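Asker: Attaching a single structure in structure tokens format; questions to follow.
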Amino acid sequence: MSLEADKARRCDLRSQAPSEPAVVRATQFLVVVQTEVRVTPRPPPKVSREAAEQFSARGFLVIPQLLVPEESHWFGSDLDSALAGRSSHEGARRHRGQLFAARNLGRLWPGLRELVALVETRLDMHELAGQSMLRLSRALFFDKPIPSGWSLPWHRDTNVAIDSASTHARTFNRAGVPHIQAGEDVLAQMVSVRVHLDPQGEDNGALEVLAGTHRTQEDQGAVPQVVEADAGSVLVFRPLLLHRSGSSSSASSRRRVVHLEYAGTDNPGQGCAWRTVW
Ligand SMILES: O=C(O)CCC(=O)C(=O)O
């Protein structure tokens, strides 16, 4: 299936498989002092060969407990406050007054720096992905508020943010930021990291994935998996992996996610450079 075809595709596949086993454990803690967070720098826990092999074969991996509960709570509250007064021009998206997504997160939320530092300290993405160069290229926020009807069909993530000075022929604007649809060579080198600030389950619209589809245009035989995960866990995945998410029927749990994209190439396409998140 081509990338173009993916965008328009609608599937009705139901989840059947359980979530991923725990393979990597975080061993460090962040000290939360009222409005200040301090990361204790330590070398990241070693990524096991099994974890790297799973990530390579399936295109995704869940890492439990990267944040301790106090940290998820602190980052969630800080993020809520930072986004509360933000407009659609700045990148905040609302439906009937409820915020459900935000772009340009690095500009809207100062706390993102601490969160990124923490993730990069605790997760050795280079080892996991087998890539020496990875740089943060985009930061987004997604929520499924209570109630929330939004859902997304199966797709691959193909849009990337680029520098404003770009001379690329085919750019389009998203909340004031130029984007392009990147080529498969660029996308195959990217890594996305979703930090779960709330529990993720079938009831509140967790992400679903089709394992192995980052490597092939075919999806026959792949069984959809709901990425069920606790708050404080992280989903690492390749943006070419087919994924979707359903609406939330939960009356009790939001579904906040900080979505970080890391680029693994020098530039995103001809005539353009990667955008700086900050
Ligand atoms: O957070 C979600 O449910 C899906 C987000 C997503 O896949 C996208 O925006 O491309």
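Note on naming: chains are A, B, ... as they come in the structure tokens, residues start from 1 per chain, ligands start from 1 in the order shown.
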Grab me every residue within 7 Å of ligand 1, counting only C-alpha atoms and all ligand atoms, and send it over as a list of chain:residue names.

Answerer: A:Phe142, A:Ser151, A:Leu152, A:Asp157, A:Gly205, A:Ala206, A:Leu207, A:His243, A:Arg244, A:Ser245, A:Val257

Asker: Write out as a PyMOL selection string which residues come within 8 Å of Ser56 in chain A when counting only C-alpha atoms, dropping same-chain ones fewer than 4 positions away.

Answerer: chain A and resi 52+60+129

Asker: Save the residues we just selected, N, CA and C atoms, as a short mmCIF file (atom, residue, chain, number, x, y, z; two decimals), in the first residue's frame?

Answerer:
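So the final result, stored in selection14.cif, reads:
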data_model
loop_
_atom_site.label_atom_id
_atom_site.label_comp_id
_atom_site.auth_asym_id
_atom_site.auth_seq_id
_atom_site.Cartn_x
_atom_site.Cartn_y
_atom_site.Cartn_z
N ALA A 52 15.82 -4.46 21.61
CA ALA A 52 16.19 -3.87 20.32
C ALA A 52 15.69 -4.73 19.16
N PHE A 60 7.60 -1.31 17.17
CA PHE A 60 7.17 -0.59 18.37
C PHE A 60 7.59 -1.35 19.62
N ALA A 129 17.24 1.88 18.72
CA ALA A 129 16.97 1.99 17.28
C ALA A 129 18.18 1.58 16.44
#

Asker: What are the nearest atom pairs, with distances in Å to one decimal, for all residues of range 120-186 of chain A that come at most 10 Å from range 95-116 of chain A, using only C-alpha atoms, set out by chain and rising residue number as a tab-separated table?

Answerer:
residue	atom	partner	partner_atom	distance
A:Glu120	CA	A:Val116	CA	6.0
A:Thr121	CA	A:Val116	CA	8.4
A:Arg122	CA	A:Val116	CA	9.9
A:Leu136	CA	A:Val116	CA	8.9
A:Arg138	CA	A:Asn104	CA	7.4
A:Ala139	CA	A:Leu105	CA	5.3
A:Leu140	CA	A:Arg103	CA	4.8
A:Phe141	CA	A:Ala102	CA	4.9
A:Phe142	CA	A:Ala101	CA	4.3
A:Asp143	CA	A:Phe100	CA	4.6
A:Lys144	CA	A:Phe100	CA	5.9
A:Pro145	CA	A:Phe100	CA	6.5
A:Ile146	CA	A:Gln98	CA	8.9
A:Pro147	CA	A:Gln98	CA	9.4
A:Ser148	CA	A:Phe100	CA	8.5
A:Gly149	CA	A:His95	CA	9.8
A:Trp150	CA	A:Phe100	CA	8.7
A:Ala161	CA	A:Asn104	CA	9.6
A:Arg174	CA	A:Arg103	CA	8.1
A:Ala175	CA	A:Arg103	CA	7.1
A:Gly176	CA	A:Asn104	CA	9.1
A:Val177	CA	A:Asn104	CA	8.1

Asker: Emit the selected residues as an mmCIF file, in the first residue's frame, including N, CA and C atoms.

Answerer:
data_model
loop_
_atom_site.group_PDB
_atom_site.id
_atom_site.type_symbol
_atom_site.label_atom_id
_atom_site.label_comp_id
_atom_site.auth_asym_id
_atom_site.auth_seq_id
_atom_site.Cartn_x
_atom_site.Cartn_y
_atom_site.Cartn_z
ATOM 1 N N GLU A 120 15.313 11.381 27.582
ATOM 2 C CA GLU A 120 16.593 11.071 26.932
ATOM 3 C C GLU A 120 17.616 10.535 27.923
ATOM 4 N N THR A 121 17.453 10.911 29.199
ATOM 5 C CA THR A 121 18.359 10.390 30.222
ATOM 6 C C THR A 121 18.058 8.933 30.536
ATOM 7 N N ARG A 122 16.777 8.605 30.508
ATOM 8 C CA ARG A 122 16.373 7.264 30.958
ATOM 9 C C ARG A 122 16.214 6.236 29.846
ATOM 10 N N LEU A 136 15.536 15.666 18.063
ATOM 11 C CA LEU A 136 14.117 15.977 18.256
ATOM 12 C C LEU A 136 13.661 16.929 17.150
ATOM 13 N N ARG A 138 9.961 17.327 16.308
ATOM 14 C CA ARG A 138 8.586 17.814 16.472
ATOM 15 C C ARG A 138 8.042 17.317 17.802
ATOM 16 N N ALA A 139 7.220 18.148 18.431
ATOM 17 C CA ALA A 139 6.592 17.746 19.699
ATOM 18 C C ALA A 139 5.123 18.139 19.653
ATOM 19 N N LEU A 140 4.251 17.149 19.865
ATOM 20 C CA LEU A 140 2.803 17.353 19.786
ATOM 21 C C LEU A 140 2.152 16.864 21.078
ATOM 22 N N PHE A 141 0.919 17.282 21.272
ATOM 23 C CA PHE A 141 0.151 16.813 22.425
ATOM 24 C C PHE A 141 -1.179 16.275 21.919
ATOM 25 N N PHE A 142 -1.611 15.130 22.470
ATOM 26 C CA PHE A 142 -2.932 14.584 22.156
ATOM 27 C C PHE A 142 -3.660 14.261 23.456
ATOM 28 N N ASP A 143 -4.939 14.564 23.467
ATOM 29 C CA ASP A 143 -5.763 14.164 24.610
ATOM 30 C C ASP A 143 -7.085 13.624 24.087
ATOM 31 N N LYS A 144 -7.668 12.731 24.847
ATOM 32 C CA LYS A 144 -9.075 12.372 24.617
ATOM 33 C C LYS A 144 -9.779 12.786 25.893
ATOM 34 N N PRO A 145 -10.341 14.000 25.865
ATOM 35 C CA PRO A 145 -11.008 14.476 27.080
ATOM 36 C C PRO A 145 -12.262 13.665 27.359
ATOM 37 N N ILE A 146 -12.924 13.956 28.459
ATOM 38 C CA ILE A 146 -14.157 13.238 28.803
ATOM 39 C C ILE A 146 -15.344 14.167 28.536
ATOM 40 N N PRO A 147 -16.258 13.858 27.659
ATOM 41 C CA PRO A 147 -16.252 12.753 26.722
ATOM 42 C C PRO A 147 -15.445 13.142 25.479
ATOM 43 N N SER A 148 -15.086 12.146 24.674
ATOM 44 C CA SER A 148 -14.348 12.458 23.459
ATOM 45 C C SER A 148 -14.712 11.497 22.337
ATOM 46 N N GLY A 149 -15.104 12.049 21.213
ATOM 47 C CA GLY A 149 -15.517 11.195 20.105
ATOM 48 C C GLY A 149 -14.478 11.097 19.012
ATOM 49 N N TRP A 150 -13.304 11.745 19.210
ATOM 50 C CA TRP A 150 -12.410 11.744 18.049
ATOM 51 C C TRP A 150 -11.641 10.428 17.921
ATOM 52 N N ALA A 161 7.777 18.546 10.265
ATOM 53 C CA ALA A 161 7.924 20.008 10.339
ATOM 54 C C ALA A 161 9.305 20.396 9.828
ATOM 55 N N ARG A 174 0.939 24.087 9.006
ATOM 56 C CA ARG A 174 0.181 23.533 10.136
ATOM 57 C C ARG A 174 0.451 24.433 11.341
ATOM 58 N N ALA A 175 -0.580 25.188 11.739
ATOM 59 C CA ALA A 175 -0.455 26.115 12.880
ATOM 60 C C ALA A 175 0.781 27.006 12.750
ATOM 61 N N GLY A 176 0.963 27.569 11.551
ATOM 62 C CA GLY A 176 2.043 28.528 11.337
ATOM 63 C C GLY A 176 3.393 27.909 11.054
ATOM 64 N N VAL A 177 3.448 26.580 11.005
ATOM 65 C CA VAL A 177 4.739 25.904 10.808
ATOM 66 C C VAL A 177 4.727 25.178 9.458
#

Asker: Using only C-alpha atoms, which protein or nucleic acid residues come within 7 Å of Leu197 in chain A? Drop anything in the same chain fewer than 2 positions from it, and give the result as a PDB file with N, CA and C atoms, in the first residue's frame.

Answerer:
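The resulting result_10.pdb:
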ATOM      1  N   SER A  72       4.459  11.770  36.383  1.00  0.00           N
ATOM      2  CA  SER A  72       3.375  11.851  35.397  1.00  0.00           C
ATOM      3  C   SER A  72       2.365  12.894  35.855  1.00  0.00           C
ATOM      4  N   GLY A  76       1.688  16.334  33.893  1.00  0.00           N
ATOM      5  CA  GLY A  76       0.321  16.502  33.396  1.00  0.00           C
ATOM      6  C   GLY A  76      -0.299  17.812  33.860  1.00  0.00           C
ATOM      7  N   VAL A 195       4.877   9.657  25.300  1.00  0.00           N
ATOM      8  CA  VAL A 195       4.920   9.606  26.762  1.00  0.00           C
ATOM      9  C   VAL A 195       3.485   9.646  27.268  1.00  0.00           C
ATOM     10  N   PRO A 199      -3.321   6.550  32.059  1.00  0.00           N
ATOM     11  CA  PRO A 199      -3.398   5.159  31.590  1.00  0.00           C
ATOM     12  C   PRO A 199      -4.009   5.129  30.193  1.00  0.00           C
ATOM     13  N   ALA A 231       0.022   5.001  33.093  1.00  0.00           N
ATOM     14  CA  ALA A 231       0.594   6.349  33.094  1.00  0.00           C
ATOM     15  C   ALA A 231       2.068   6.232  33.473  1.00  0.00           C
ATOM     16  N   GLY A 232       2.913   7.020  32.809  1.00  0.00           N
ATOM     17  CA  GLY A 232       4.348   6.969  33.091  1.00  0.00           C
ATOM     18  C   GLY A 232       5.104   6.035  32.166  1.00  0.00           C
ATOM     19  N   ARG A 256      -4.015  11.586  27.947  1.00  0.00           N
ATOM     20  CA  ARG A 256      -3.020  12.568  27.515  1.00  0.00           C
ATOM     21  C   ARG A 256      -1.710  11.885  27.106  1.00  0.00           C
ATOM     22  N   VAL A 257      -1.184  12.374  25.979  1.00  0.00           N
ATOM     23  CA  VAL A 257       0.059  11.831  25.429  1.00  0.00           C
ATOM     24  C   VAL A 257       0.926  12.982  24.936  1.00  0.00           C
TER      25      VAL A 257
END

Asker: Based on the backbone DSSP call, show me all residues of range 106-220 of chain A assigned strand (DSSP E), as a PyMOL selection string.

Answerer: chain A and resi 135-142+152-155+159-161+172-174+177-181+191-196+207-210

Asker: Restricting the calculation to only C-alpha atoms: of A:Glu127, A:Glu228, A:Glu53, A:Glu184, which residue gets closest to Gly212 in chain A?

Answerer: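 Closest residue, counting only C-alpha atoms: A:Glu53.
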